[in-house]
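Below: model.cif (mmCIF, N, CA and C atoms and all ligand atoms)
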data_upload
loop_
_atom_site.label_atom_id
_atom_site.label_comp_id
_atom_site.auth_asym_id
_atom_site.auth_seq_id
_atom_site.Cartn_x
_atom_site.Cartn_y
_atom_site.Cartn_z
N MET J 57 0.83 -1.20 0.00
CA MET J 57 0.00 0.00 0.00
C MET J 57 0.87 1.26 0.00
N ARG J 58 0.51 2.20 -0.84
CA ARG J 58 1.19 3.50 -0.84
C ARG J 58 0.50 4.44 0.13
N SER J 59 1.29 5.38 0.63
CA SER J 59 0.73 6.41 1.52
C SER J 59 1.46 7.72 1.25
N HIS J 60 0.71 8.80 1.19
CA HIS J 60 1.31 10.11 0.92
C HIS J 60 0.65 11.14 1.83
N THR J 61 1.48 11.95 2.49
CA THR J 61 0.97 12.98 3.41
C THR J 61 1.49 14.34 2.99
N GLU J 62 0.59 15.30 2.99
CA GLU J 62 0.99 16.65 2.62
C GLU J 62 0.23 17.66 3.48
N TYR J 63 0.87 18.76 3.80
CA TYR J 63 0.22 19.83 4.56
C TYR J 63 0.13 21.07 3.67
N LEU J 64 -1.08 21.58 3.49
CA LEU J 64 -1.28 22.81 2.73
C LEU J 64 -1.37 23.95 3.73
N TRP J 65 -0.67 25.05 3.45
CA TRP J 65 -0.74 26.23 4.32
C TRP J 65 -1.64 27.25 3.68
N ILE J 66 -2.56 27.79 4.48
CA ILE J 66 -3.51 28.77 3.96
C ILE J 66 -3.53 29.98 4.90
N ASN J 67 -3.44 31.17 4.31
CA ASN J 67 -3.50 32.40 5.09
C ASN J 67 -4.40 33.38 4.33
N THR J 68 -5.66 33.47 4.74
CA THR J 68 -6.61 34.32 4.01
C THR J 68 -6.45 35.77 4.45
N LYS J 69 -6.66 36.69 3.50
CA LYS J 69 -6.50 38.11 3.87
C LYS J 69 -7.73 38.62 4.62
N ASP J 70 -8.85 37.93 4.48
CA ASP J 70 -10.06 38.29 5.23
C ASP J 70 -10.29 37.32 6.39
N ARG J 71 -11.05 37.77 7.38
CA ARG J 71 -11.37 36.91 8.52
C ARG J 71 -12.21 35.70 8.08
N TYR J 72 -13.13 35.94 7.13
CA TYR J 72 -13.99 34.86 6.61
C TYR J 72 -13.72 34.69 5.12
N ASP J 73 -13.56 33.46 4.69
CA ASP J 73 -13.30 33.24 3.26
C ASP J 73 -13.55 31.77 2.92
N ILE J 74 -13.81 31.54 1.65
CA ILE J 74 -13.94 30.17 1.14
C ILE J 74 -12.98 30.03 -0.03
N VAL J 75 -12.09 29.03 0.07
CA VAL J 75 -11.02 28.87 -0.91
C VAL J 75 -11.12 27.50 -1.57
N ASN J 76 -11.06 27.47 -2.89
CA ASN J 76 -11.08 26.19 -3.61
C ASN J 76 -9.68 25.57 -3.54
N ILE J 77 -9.56 24.44 -2.86
CA ILE J 77 -8.25 23.80 -2.71
C ILE J 77 -8.14 22.54 -3.57
N THR J 78 -9.08 22.35 -4.49
CA THR J 78 -9.07 21.15 -5.35
C THR J 78 -7.75 21.02 -6.14
N PRO J 79 -7.23 22.11 -6.74
CA PRO J 79 -5.98 21.96 -7.51
C PRO J 79 -4.82 21.44 -6.66
N GLN J 80 -4.70 21.93 -5.41
CA GLN J 80 -3.61 21.48 -4.53
C GLN J 80 -3.78 20.01 -4.14
N VAL J 81 -5.05 19.59 -3.93
CA VAL J 81 -5.29 18.19 -3.57
C VAL J 81 -4.99 17.29 -4.78
N GLU J 82 -5.35 17.75 -5.98
CA GLU J 82 -5.05 16.98 -7.20
C GLU J 82 -3.55 16.86 -7.42
N GLU J 83 -2.83 17.92 -7.07
CA GLU J 83 -1.37 17.89 -7.19
C GLU J 83 -0.77 16.86 -6.22
N ALA J 84 -1.31 16.84 -5.00
CA ALA J 84 -0.84 15.87 -4.00
C ALA J 84 -1.13 14.44 -4.49
N LEU J 85 -2.29 14.25 -5.08
CA LEU J 85 -2.66 12.93 -5.60
C LEU J 85 -1.69 12.52 -6.71
N SER J 86 -1.37 13.44 -7.58
CA SER J 86 -0.45 13.15 -8.67
C SER J 86 0.93 12.73 -8.13
N LYS J 87 1.41 13.45 -7.09
CA LYS J 87 2.70 13.11 -6.47
C LYS J 87 2.66 11.74 -5.81
N SER J 88 1.50 11.36 -5.27
CA SER J 88 1.38 10.11 -4.51
C SER J 88 1.53 8.88 -5.38
N GLY J 89 1.15 9.00 -6.65
CA GLY J 89 1.19 7.84 -7.54
C GLY J 89 0.08 6.83 -7.28
N VAL J 90 -0.85 7.16 -6.38
CA VAL J 90 -1.95 6.23 -6.06
C VAL J 90 -2.97 6.23 -7.19
N LYS J 91 -3.35 5.01 -7.63
CA LYS J 91 -4.34 4.88 -8.72
C LYS J 91 -5.73 4.53 -8.18
N GLU J 92 -5.76 3.71 -7.13
CA GLU J 92 -7.02 3.30 -6.51
C GLU J 92 -6.88 3.46 -5.00
N GLY J 93 -7.76 4.23 -4.39
CA GLY J 93 -7.63 4.43 -2.95
C GLY J 93 -8.54 5.50 -2.41
N LEU J 94 -8.10 6.12 -1.31
CA LEU J 94 -8.90 7.15 -0.65
C LEU J 94 -8.04 8.36 -0.34
N CYS J 95 -8.67 9.52 -0.41
CA CYS J 95 -7.99 10.77 -0.11
C CYS J 95 -8.76 11.50 0.99
N LEU J 96 -8.11 11.69 2.11
CA LEU J 96 -8.69 12.44 3.23
C LEU J 96 -8.13 13.85 3.20
N VAL J 97 -9.01 14.83 3.37
CA VAL J 97 -8.58 16.22 3.47
C VAL J 97 -9.25 16.83 4.69
N ASN J 98 -8.47 17.29 5.67
CA ASN J 98 -9.09 17.89 6.85
C ASN J 98 -8.38 19.15 7.32
N SER J 99 -9.19 20.05 7.86
CA SER J 99 -8.63 21.24 8.50
C SER J 99 -8.00 20.80 9.81
N MET J 100 -6.84 21.38 10.15
CA MET J 100 -6.18 21.04 11.40
C MET J 100 -6.48 22.10 12.47
N HIS J 101 -7.48 22.92 12.19
CA HIS J 101 -7.84 24.00 13.12
C HIS J 101 -9.34 23.93 13.45
N ILE J 102 -9.69 24.33 14.67
CA ILE J 102 -11.07 24.20 15.13
C ILE J 102 -11.92 25.42 14.80
N THR J 103 -11.37 26.31 13.97
CA THR J 103 -12.14 27.47 13.52
C THR J 103 -12.16 27.56 12.00
N SER J 104 -11.89 26.44 11.33
CA SER J 104 -11.99 26.40 9.86
C SER J 104 -12.43 25.00 9.44
N SER J 105 -12.96 24.92 8.22
CA SER J 105 -13.59 23.69 7.73
C SER J 105 -13.02 23.25 6.40
N VAL J 106 -13.24 21.99 6.09
CA VAL J 106 -13.07 21.49 4.73
C VAL J 106 -14.39 20.83 4.33
N PHE J 107 -14.90 21.22 3.17
CA PHE J 107 -16.19 20.67 2.73
C PHE J 107 -16.21 20.57 1.21
N ILE J 108 -17.19 19.85 0.71
CA ILE J 108 -17.34 19.69 -0.75
C ILE J 108 -18.65 20.34 -1.18
N ASN J 109 -18.56 21.17 -2.21
CA ASN J 109 -19.78 21.73 -2.78
C ASN J 109 -19.47 22.32 -4.15
N ASP J 110 -20.34 23.19 -4.63
CA ASP J 110 -20.25 23.75 -5.98
C ASP J 110 -19.25 24.91 -6.02
N ASN J 111 -18.49 25.00 -7.09
CA ASN J 111 -17.55 26.11 -7.26
C ASN J 111 -18.28 27.28 -7.90
N GLU J 112 -19.14 27.92 -7.10
CA GLU J 112 -19.96 29.01 -7.63
C GLU J 112 -19.93 30.15 -6.60
N ARG J 113 -19.44 31.32 -7.05
CA ARG J 113 -19.20 32.45 -6.14
C ARG J 113 -20.44 32.89 -5.36
N GLY J 114 -21.59 32.91 -6.04
CA GLY J 114 -22.83 33.32 -5.37
C GLY J 114 -23.14 32.40 -4.21
N LEU J 115 -22.97 31.10 -4.43
CA LEU J 115 -23.22 30.12 -3.38
C LEU J 115 -22.28 30.34 -2.20
N HIS J 116 -21.03 30.66 -2.48
CA HIS J 116 -20.06 30.88 -1.40
C HIS J 116 -20.48 32.08 -0.55
N LYS J 117 -20.97 33.13 -1.20
CA LYS J 117 -21.50 34.27 -0.45
C LYS J 117 -22.72 33.85 0.37
N ASP J 118 -23.58 33.02 -0.24
CA ASP J 118 -24.77 32.52 0.48
C ASP J 118 -24.37 31.77 1.74
N PHE J 119 -23.33 30.92 1.63
CA PHE J 119 -22.86 30.18 2.81
C PHE J 119 -22.45 31.14 3.92
N LEU J 120 -21.66 32.16 3.56
CA LEU J 120 -21.14 33.08 4.58
C LEU J 120 -22.27 33.90 5.21
N VAL J 121 -23.25 34.31 4.41
CA VAL J 121 -24.39 35.06 4.94
C VAL J 121 -25.22 34.17 5.87
N TRP J 122 -25.45 32.95 5.43
CA TRP J 122 -26.24 31.97 6.21
C TRP J 122 -25.56 31.67 7.54
N LEU J 123 -24.23 31.45 7.50
CA LEU J 123 -23.48 31.15 8.72
C LEU J 123 -23.51 32.35 9.68
N GLU J 124 -23.46 33.56 9.13
CA GLU J 124 -23.48 34.75 9.97
C GLU J 124 -24.84 34.90 10.68
N LYS J 125 -25.90 34.43 10.02
CA LYS J 125 -27.23 34.45 10.68
C LYS J 125 -27.29 33.42 11.80
N LEU J 126 -26.71 32.25 11.56
CA LEU J 126 -26.74 31.17 12.55
C LEU J 126 -25.85 31.47 13.75
N ALA J 127 -24.66 31.99 13.47
CA ALA J 127 -23.67 32.24 14.52
C ALA J 127 -22.99 33.57 14.24
N PRO J 128 -23.68 34.67 14.55
CA PRO J 128 -23.09 35.97 14.23
C PRO J 128 -21.84 36.26 15.05
N TYR J 129 -20.91 36.98 14.45
CA TYR J 129 -19.72 37.41 15.18
C TYR J 129 -20.15 38.34 16.32
N GLY J 130 -19.49 38.24 17.45
CA GLY J 130 -19.79 39.16 18.55
C GLY J 130 -19.03 38.77 19.80
N LYS J 131 -18.25 39.70 20.30
CA LYS J 131 -17.40 39.43 21.46
C LYS J 131 -18.22 39.05 22.69
N ASP J 132 -19.41 39.65 22.83
CA ASP J 132 -20.20 39.41 24.03
C ASP J 132 -21.30 38.36 23.84
N LYS J 133 -21.29 37.70 22.68
CA LYS J 133 -22.38 36.77 22.37
C LYS J 133 -22.16 35.35 22.86
N TYR J 134 -20.91 34.98 23.19
CA TYR J 134 -20.60 33.58 23.44
C TYR J 134 -19.84 33.39 24.76
N GLN J 135 -20.18 32.31 25.47
CA GLN J 135 -19.46 31.94 26.69
C GLN J 135 -17.98 31.77 26.39
N HIS J 136 -17.68 31.17 25.24
CA HIS J 136 -16.29 30.90 24.85
C HIS J 136 -15.45 32.18 24.87
N ASN J 137 -16.07 33.29 24.52
CA ASN J 137 -15.32 34.54 24.43
C ASN J 137 -14.96 35.12 25.80
N LEU J 138 -15.54 34.53 26.87
CA LEU J 138 -15.16 34.93 28.23
C LEU J 138 -13.70 34.56 28.51
N THR J 139 -13.15 33.65 27.71
CA THR J 139 -11.73 33.27 27.85
C THR J 139 -10.81 34.38 27.35
N GLY J 140 -11.41 35.41 26.71
CA GLY J 140 -10.59 36.48 26.16
C GLY J 140 -10.49 36.41 24.65
N GLU J 141 -10.96 35.28 24.08
CA GLU J 141 -10.98 35.15 22.63
C GLU J 141 -12.21 35.86 22.06
N ASP J 142 -12.21 36.01 20.73
CA ASP J 142 -13.39 36.63 20.10
C ASP J 142 -13.94 35.74 19.00
N ASN J 143 -13.55 34.44 19.04
CA ASN J 143 -13.90 33.58 17.90
C ASN J 143 -14.93 32.50 18.22
N GLY J 144 -15.77 32.77 19.21
CA GLY J 144 -16.84 31.80 19.53
C GLY J 144 -17.66 31.45 18.31
N ASP J 145 -17.96 32.47 17.50
CA ASP J 145 -18.74 32.22 16.28
C ASP J 145 -18.02 31.27 15.33
N ALA J 146 -16.70 31.41 15.24
CA ALA J 146 -15.91 30.61 14.29
C ALA J 146 -15.95 29.12 14.65
N HIS J 147 -15.92 28.81 15.94
CA HIS J 147 -16.01 27.40 16.36
C HIS J 147 -17.35 26.79 15.93
N LEU J 148 -18.43 27.59 16.08
CA LEU J 148 -19.76 27.08 15.71
C LEU J 148 -19.86 26.92 14.20
N LYS J 149 -19.34 27.90 13.45
CA LYS J 149 -19.39 27.84 11.99
C LYS J 149 -18.61 26.63 11.48
N ARG J 150 -17.46 26.38 12.09
CA ARG J 150 -16.65 25.23 11.70
C ARG J 150 -17.41 23.92 11.90
N THR J 151 -18.11 23.83 13.03
CA THR J 151 -18.82 22.59 13.34
C THR J 151 -19.94 22.33 12.32
N ILE J 152 -20.63 23.38 11.92
CA ILE J 152 -21.71 23.24 10.94
C ILE J 152 -21.16 22.81 9.58
N MET J 153 -20.05 23.40 9.16
CA MET J 153 -19.50 23.15 7.82
C MET J 153 -18.62 21.91 7.76
N GLY J 154 -18.21 21.39 8.93
CA GLY J 154 -17.51 20.12 8.95
C GLY J 154 -16.00 20.24 9.01
N ARG J 155 -15.38 19.16 9.45
CA ARG J 155 -13.93 19.12 9.64
C ARG J 155 -13.20 18.59 8.42
N GLU J 156 -13.76 17.52 7.77
CA GLU J 156 -13.00 16.84 6.72
C GLU J 156 -13.89 16.29 5.62
N VAL J 157 -13.22 15.91 4.53
CA VAL J 157 -13.88 15.17 3.47
C VAL J 157 -13.01 13.98 3.10
N VAL J 158 -13.66 12.93 2.59
CA VAL J 158 -12.95 11.78 2.04
C VAL J 158 -13.45 11.60 0.61
N VAL J 159 -12.51 11.52 -0.33
CA VAL J 159 -12.87 11.35 -1.74
C VAL J 159 -12.23 10.07 -2.25
N ALA J 160 -13.00 9.29 -2.99
CA ALA J 160 -12.46 8.07 -3.59
C ALA J 160 -11.52 8.43 -4.73
N ILE J 161 -10.48 7.62 -4.88
CA ILE J 161 -9.56 7.76 -6.01
C ILE J 161 -9.80 6.57 -6.94
N THR J 162 -10.16 6.88 -8.18
CA THR J 162 -10.42 5.84 -9.18
C THR J 162 -9.62 6.16 -10.43
N LYS J 163 -8.84 5.22 -10.88
CA LYS J 163 -8.00 5.41 -12.08
C LYS J 163 -7.20 6.71 -12.00
N SER J 164 -6.60 6.94 -10.85
CA SER J 164 -5.67 8.06 -10.61
C SER J 164 -6.31 9.44 -10.51
N ILE J 165 -7.65 9.51 -10.50
CA ILE J 165 -8.26 10.84 -10.32
C ILE J 165 -9.24 10.84 -9.13
N LEU J 166 -9.49 12.03 -8.60
CA LEU J 166 -10.50 12.19 -7.55
C LEU J 166 -11.85 11.92 -8.18
N ASP J 167 -12.56 10.93 -7.62
CA ASP J 167 -13.80 10.45 -8.25
C ASP J 167 -14.99 11.29 -7.76
N PHE J 168 -15.06 12.54 -8.22
CA PHE J 168 -16.10 13.47 -7.81
C PHE J 168 -17.42 13.20 -8.52
N GLY J 169 -18.51 13.60 -7.87
CA GLY J 169 -19.79 13.70 -8.55
C GLY J 169 -19.76 14.97 -9.40
N PRO J 170 -20.79 15.15 -10.24
CA PRO J 170 -20.82 16.34 -11.09
C PRO J 170 -20.77 17.61 -10.23
N TRP J 171 -19.92 18.53 -10.56
CA TRP J 171 -19.79 19.84 -9.91
C TRP J 171 -19.10 19.82 -8.57
N GLU J 172 -18.76 18.67 -8.05
CA GLU J 172 -18.12 18.64 -6.72
C GLU J 172 -16.69 19.19 -6.78
N GLN J 173 -16.36 20.04 -5.79
CA GLN J 173 -15.01 20.55 -5.61
C GLN J 173 -14.76 20.62 -4.10
N ILE J 174 -13.48 20.66 -3.73
CA ILE J 174 -13.13 20.69 -2.31
C ILE J 174 -12.81 22.14 -1.91
N PHE J 175 -13.41 22.57 -0.81
CA PHE J 175 -13.22 23.94 -0.34
C PHE J 175 -12.71 23.98 1.10
N TYR J 176 -11.90 25.01 1.35
CA TYR J 176 -11.46 25.34 2.70
C TYR J 176 -12.32 26.53 3.15
N GLY J 177 -13.00 26.37 4.26
CA GLY J 177 -13.83 27.45 4.82
C GLY J 177 -13.11 28.07 6.01
N GLU J 178 -12.77 29.34 5.87
CA GLU J 178 -12.06 30.05 6.96
C GLU J 178 -13.05 30.93 7.72
N PHE J 179 -13.03 30.81 9.07
CA PHE J 179 -13.95 31.60 9.89
C PHE J 179 -13.23 32.43 10.95
N ASP J 180 -11.91 32.34 10.96
CA ASP J 180 -11.11 33.17 11.86
C ASP J 180 -9.71 33.27 11.25
N GLY J 181 -9.63 33.94 10.13
CA GLY J 181 -8.42 33.90 9.32
C GLY J 181 -7.43 35.00 9.61
N GLN J 182 -6.70 35.38 8.57
CA GLN J 182 -5.64 36.38 8.65
C GLN J 182 -4.46 35.87 9.46
N ARG J 183 -4.28 34.54 9.44
CA ARG J 183 -3.10 33.92 10.05
C ARG J 183 -2.91 32.57 9.36
N LYS J 184 -1.67 32.02 9.47
CA LYS J 184 -1.35 30.78 8.78
C LYS J 184 -2.07 29.59 9.41
N LYS J 185 -2.73 28.80 8.56
CA LYS J 185 -3.39 27.60 9.06
C LYS J 185 -3.09 26.43 8.14
N ARG J 186 -3.25 25.23 8.68
CA ARG J 186 -2.86 24.03 7.96
C ARG J 186 -4.03 23.13 7.61
N VAL J 187 -3.91 22.51 6.43
CA VAL J 187 -4.87 21.49 5.99
C VAL J 187 -4.06 20.22 5.71
N LEU J 188 -4.52 19.11 6.25
CA LEU J 188 -3.85 17.83 6.03
C LEU J 188 -4.46 17.12 4.82
N VAL J 189 -3.60 16.62 3.95
CA VAL J 189 -4.03 15.76 2.85
C VAL J 189 -3.35 14.40 3.05
N LYS J 190 -4.15 13.36 3.23
CA LYS J 190 -3.59 12.01 3.43
C LYS J 190 -4.19 11.10 2.37
N ILE J 191 -3.30 10.49 1.59
CA ILE J 191 -3.74 9.65 0.47
C ILE J 191 -3.22 8.23 0.71
N ILE J 192 -4.12 7.26 0.65
CA ILE J 192 -3.69 5.87 0.80
C ILE J 192 -4.29 5.04 -0.33
N GLY J 193 -3.58 4.02 -0.71
CA GLY J 193 -4.09 3.13 -1.75
C GLY J 193 -2.97 2.46 -2.51
N GLU J 194 -3.29 2.04 -3.72
CA GLU J 194 -2.29 1.30 -4.52
C GLU J 194 -2.12 1.93 -5.89
ZN ZN N 201 -11.56 29.96 20.31
#
Give the structure from the file, written as C-alpha cells.
Ligand code: ZN
Amino acid sequence: MRSHTEYLWINTKDRYDIVNITPQVEEALSKSGVKEGLCLVNSMHITSSVFINDNERGLHKDFLVWLEKLAPYGKDKYQHNLTGEDNGDAHLKRTIMGREVVVAITKSILDFGPWEQIFYGEFDGQRKKRVLVKIIGE
C-alpha cells in the first residue's frame, strides 16, 4: 500500500473566506502515484472547515451570509469569548461546515460527482493555518 501525506498552508487576507483547494489536492494525488484508494482532506484548526460543494461564487457568499445568521460574530455573544478570545462564532461555523472530506480515487483521479469541488472554509483567518491531505491506496 502506498501512503502520501501533505500539509497545505492557507493564510486568508479576510477573517472569513472560502477557498477552492481542489488543484492542490489533485497535485498531491499526482505526487502520490496512487491509482485506486482514498484521499482524506481535513482542516487542522477548530475554527476552519473542509467541505465539498459547488464552485460558484454566489453560493459561497450565500454560505457566509447563512453562517453569519446562525452564529453571528460578537465578542459578548458567546461563553467561549469569556476566555478572552473573540472567535466563539468561528467554532460554531466550523462545526456546521464540517472538519473533513474523504474522496475516492479511481484510475488516478479524484472520483467526484458532477460539480463537486473541495473547499477550505475560513472563519477566523488572517493567520497561517494548515490542511492535512492524506492519500492511501495502490
Ligand atoms: Zn476559540
For chain J versus ligand ZN 201 (chain N), which residues have an atom no more than 8 Å away, and what is each residue's nearest atom pair and distance in Å rounded to one decimal, using only N, CA and C atoms and all ligand atoms, chain-then-number order, as CSV?
residue,atom,partner,partner_atom,distance
J:Ile102,C,N:ZN201,ZN,7.1
J:Thr103,CA,N:ZN201,ZN,7.3
J:His136,C,N:ZN201,ZN,6.4
J:Asn137,N,N:ZN201,ZN,7.0
J:Gly140,C,N:ZN201,ZN,7.8
J:Glu141,CA,N:ZN201,ZN,5.7
J:Asp142,N,N:ZN201,ZN,6.1
J:Asn143,C,N:ZN201,ZN,4.7
J:Gly144,N,N:ZN201,ZN,5.2
J:Asp145,N,N:ZN201,ZN,7.4
J:Ala146,C,N:ZN201,ZN,7.2
J:His147,N,N:ZN201,ZN,6.3
If you keep N, CA and C atoms, can you produce a file of those selected residues as a JSON list (two decimals), keeping the file's coordinate frame?
[["chain", "number", "residue", "atom", "x", "y", "z"],
["J", 102, "ILE", "N", -9.69, 24.33, 14.67],
["J", 102, "ILE", "CA", -11.07, 24.20, 15.13],
["J", 102, "ILE", "C", -11.92, 25.42, 14.80],
["J", 103, "THR", "N", -11.37, 26.31, 13.97],
["J", 103, "THR", "CA", -12.14, 27.47, 13.52],
["J", 103, "THR", "C", -12.16, 27.56, 12.00],
["J", 136, "HIS", "N", -17.68, 31.17, 25.24],
["J", 136, "HIS", "CA", -16.29, 30.90, 24.85],
["J", 136, "HIS", "C", -15.45, 32.18, 24.87],
["J", 137, "ASN", "N", -16.07, 33.29, 24.52],
["J", 137, "ASN", "CA", -15.32, 34.54, 24.43],
["J", 137, "ASN", "C", -14.96, 35.12, 25.80],
["J", 140, "GLY", "N", -11.41, 35.41, 26.71],
["J", 140, "GLY", "CA", -10.59, 36.48, 26.16],
["J", 140, "GLY", "C", -10.49, 36.41, 24.65],
["J", 141, "GLU", "N", -10.96, 35.28, 24.08],
["J", 141, "GLU", "CA", -10.98, 35.15, 22.63],
["J", 141, "GLU", "C", -12.21, 35.86, 22.06],
["J", 142, "ASP", "N", -12.21, 36.01, 20.73],
["J", 142, "ASP", "CA", -13.39, 36.63, 20.10],
["J", 142, "ASP", "C", -13.94, 35.74, 19.00],
["J", 143, "ASN", "N", -13.55, 34.44, 19.04],
["J", 143, "ASN", "CA", -13.90, 33.58, 17.90],
["J", 143, "ASN", "C", -14.93, 32.50, 18.22],
["J", 144, "GLY", "N", -15.77, 32.77, 19.21],
["J", 144, "GLY", "CA", -16.84, 31.80, 19.53],
["J", 144, "GLY", "C", -17.66, 31.45, 18.31],
["J", 145, "ASP", "N", -17.96, 32.47, 17.50],
["J", 145, "ASP", "CA", -18.74, 32.22, 16.28],
["J", 145, "ASP", "C", -18.02, 31.27, 15.33],
["J", 146, "ALA", "N", -16.70, 31.41, 15.24],
["J", 146, "ALA", "CA", -15.91, 30.61, 14.29],
["J", 146, "ALA", "C", -15.95, 29.12, 14.65],
["J", 147, "HIS", "N", -15.92, 28.81, 15.94],
["J", 147, "HIS", "CA", -16.01, 27.40, 16.36],
["J", 147, "HIS", "C", -17.35, 26.79, 15.93]]
Taking into account all atoms listed in the file, which residue in the set J:Ile66, J:Val90, J:Leu115, J:Cys95 is nearest to Arg186 in chain J?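 The answer is J:Ile66, which sits nearest to Arg186 in chain J.
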Shortest interatomic distance to Trp65 in chain J - which of J:Ile192, J:Val157, J:Val97, J:Val187, counting only N, CA and C atoms: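 Checking each of J:Ile192, J:Val157, J:Val97, J:Val187 against Trp65 in chain J, counting only N, CA and C atoms, the winner is J:Val187.
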Compile the contact shell of His116 in chain J as an NGL selection string: residues with an atom at most 8 Å away, counting only N, CA and C atoms, same-chain residues fewer than 6 positions apart removed. :J and (73-74 or 110 or 122)
Could you work out how far CA of Asp167 in chain J lies from CA of His60 in chain J, giving the answer in Å with one decimal? 17.7 Å
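Across the structure, atom N of Met100 in chain J and atom C of Ser59 in chain J are spaced 18.3 Å apart.
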Please write a file for range 84-91 of chain J, taken from the block I just shared, that holds all heavy atoms and is laid out as an mmCIF file, in the first residue's frame.
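Full text of part_32.cif as output:
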data_model
loop_
_atom_site.group_PDB
_atom_site.id
_atom_site.type_symbol
_atom_site.label_atom_id
_atom_site.label_comp_id
_atom_site.auth_asym_id
_atom_site.auth_seq_id
_atom_site.Cartn_x
_atom_site.Cartn_y
_atom_site.Cartn_z
ATOM 1 N N ALA J 84 -1.306 16.840 -4.995
ATOM 2 C CA ALA J 84 -0.844 15.866 -4.001
ATOM 3 C C ALA J 84 -1.126 14.444 -4.485
ATOM 4 O O ALA J 84 -0.281 13.547 -4.347
ATOM 5 C CB ALA J 84 -1.521 16.117 -2.657
ATOM 6 N N LEU J 85 -2.295 14.254 -5.079
ATOM 7 C CA LEU J 85 -2.658 12.930 -5.604
ATOM 8 C C LEU J 85 -1.693 12.518 -6.707
ATOM 9 O O LEU J 85 -1.217 11.373 -6.740
ATOM 10 C CB LEU J 85 -4.105 12.944 -6.126
ATOM 11 C CG LEU J 85 -4.562 11.691 -6.876
ATOM 12 C CD1 LEU J 85 -4.396 10.435 -6.008
ATOM 13 C CD2 LEU J 85 -6.019 11.830 -7.316
ATOM 14 N N SER J 86 -1.374 13.439 -7.576
ATOM 15 C CA SER J 86 -0.449 13.151 -8.668
ATOM 16 C C SER J 86 0.927 12.733 -8.128
ATOM 17 O O SER J 86 1.526 11.767 -8.585
ATOM 18 C CB SER J 86 -0.378 14.394 -9.561
ATOM 19 O OG SER J 86 0.746 14.359 -10.358
ATOM 20 N N LYS J 87 1.409 13.452 -7.094
ATOM 21 C CA LYS J 87 2.703 13.109 -6.466
ATOM 22 C C LYS J 87 2.664 11.737 -5.807
ATOM 23 O O LYS J 87 3.672 11.038 -5.759
ATOM 24 C CB LYS J 87 3.060 14.140 -5.389
ATOM 25 C CG LYS J 87 3.673 15.410 -5.927
ATOM 26 C CD LYS J 87 4.181 16.252 -4.761
ATOM 27 C CE LYS J 87 3.688 17.677 -4.877
ATOM 28 N NZ LYS J 87 3.791 18.410 -3.602
ATOM 29 N N SER J 88 1.500 11.361 -5.271
ATOM 30 C CA SER J 88 1.384 10.112 -4.508
ATOM 31 C C SER J 88 1.532 8.883 -5.384
ATOM 32 O O SER J 88 1.948 7.828 -4.919
ATOM 33 C CB SER J 88 0.026 10.054 -3.798
ATOM 34 O OG SER J 88 -1.010 9.710 -4.718
ATOM 35 N N GLY J 89 1.147 8.995 -6.645
ATOM 36 C CA GLY J 89 1.187 7.840 -7.544
ATOM 37 C C GLY J 89 0.081 6.828 -7.280
ATOM 38 O O GLY J 89 0.057 5.752 -7.880
ATOM 39 N N VAL J 90 -0.850 7.163 -6.384
ATOM 40 C CA VAL J 90 -1.947 6.235 -6.058
ATOM 41 C C VAL J 90 -2.975 6.227 -7.193
ATOM 42 O O VAL J 90 -3.387 7.277 -7.672
ATOM 43 C CB VAL J 90 -2.612 6.611 -4.710
ATOM 44 C CG1 VAL J 90 -3.904 5.834 -4.495
ATOM 45 C CG2 VAL J 90 -1.648 6.379 -3.560
ATOM 46 N N LYS J 91 -3.354 5.014 -7.628
ATOM 47 C CA LYS J 91 -4.342 4.880 -8.717
ATOM 48 C C LYS J 91 -5.728 4.535 -8.185
ATOM 49 O O LYS J 91 -6.746 4.965 -8.729
ATOM 50 C CB LYS J 91 -3.885 3.790 -9.689
ATOM 51 C CG LYS J 91 -2.604 4.151 -10.439
ATOM 52 C CD LYS J 91 -2.287 3.085 -11.494
ATOM 53 C CE LYS J 91 -1.110 3.474 -12.361
ATOM 54 N NZ LYS J 91 0.183 3.104 -11.754
#
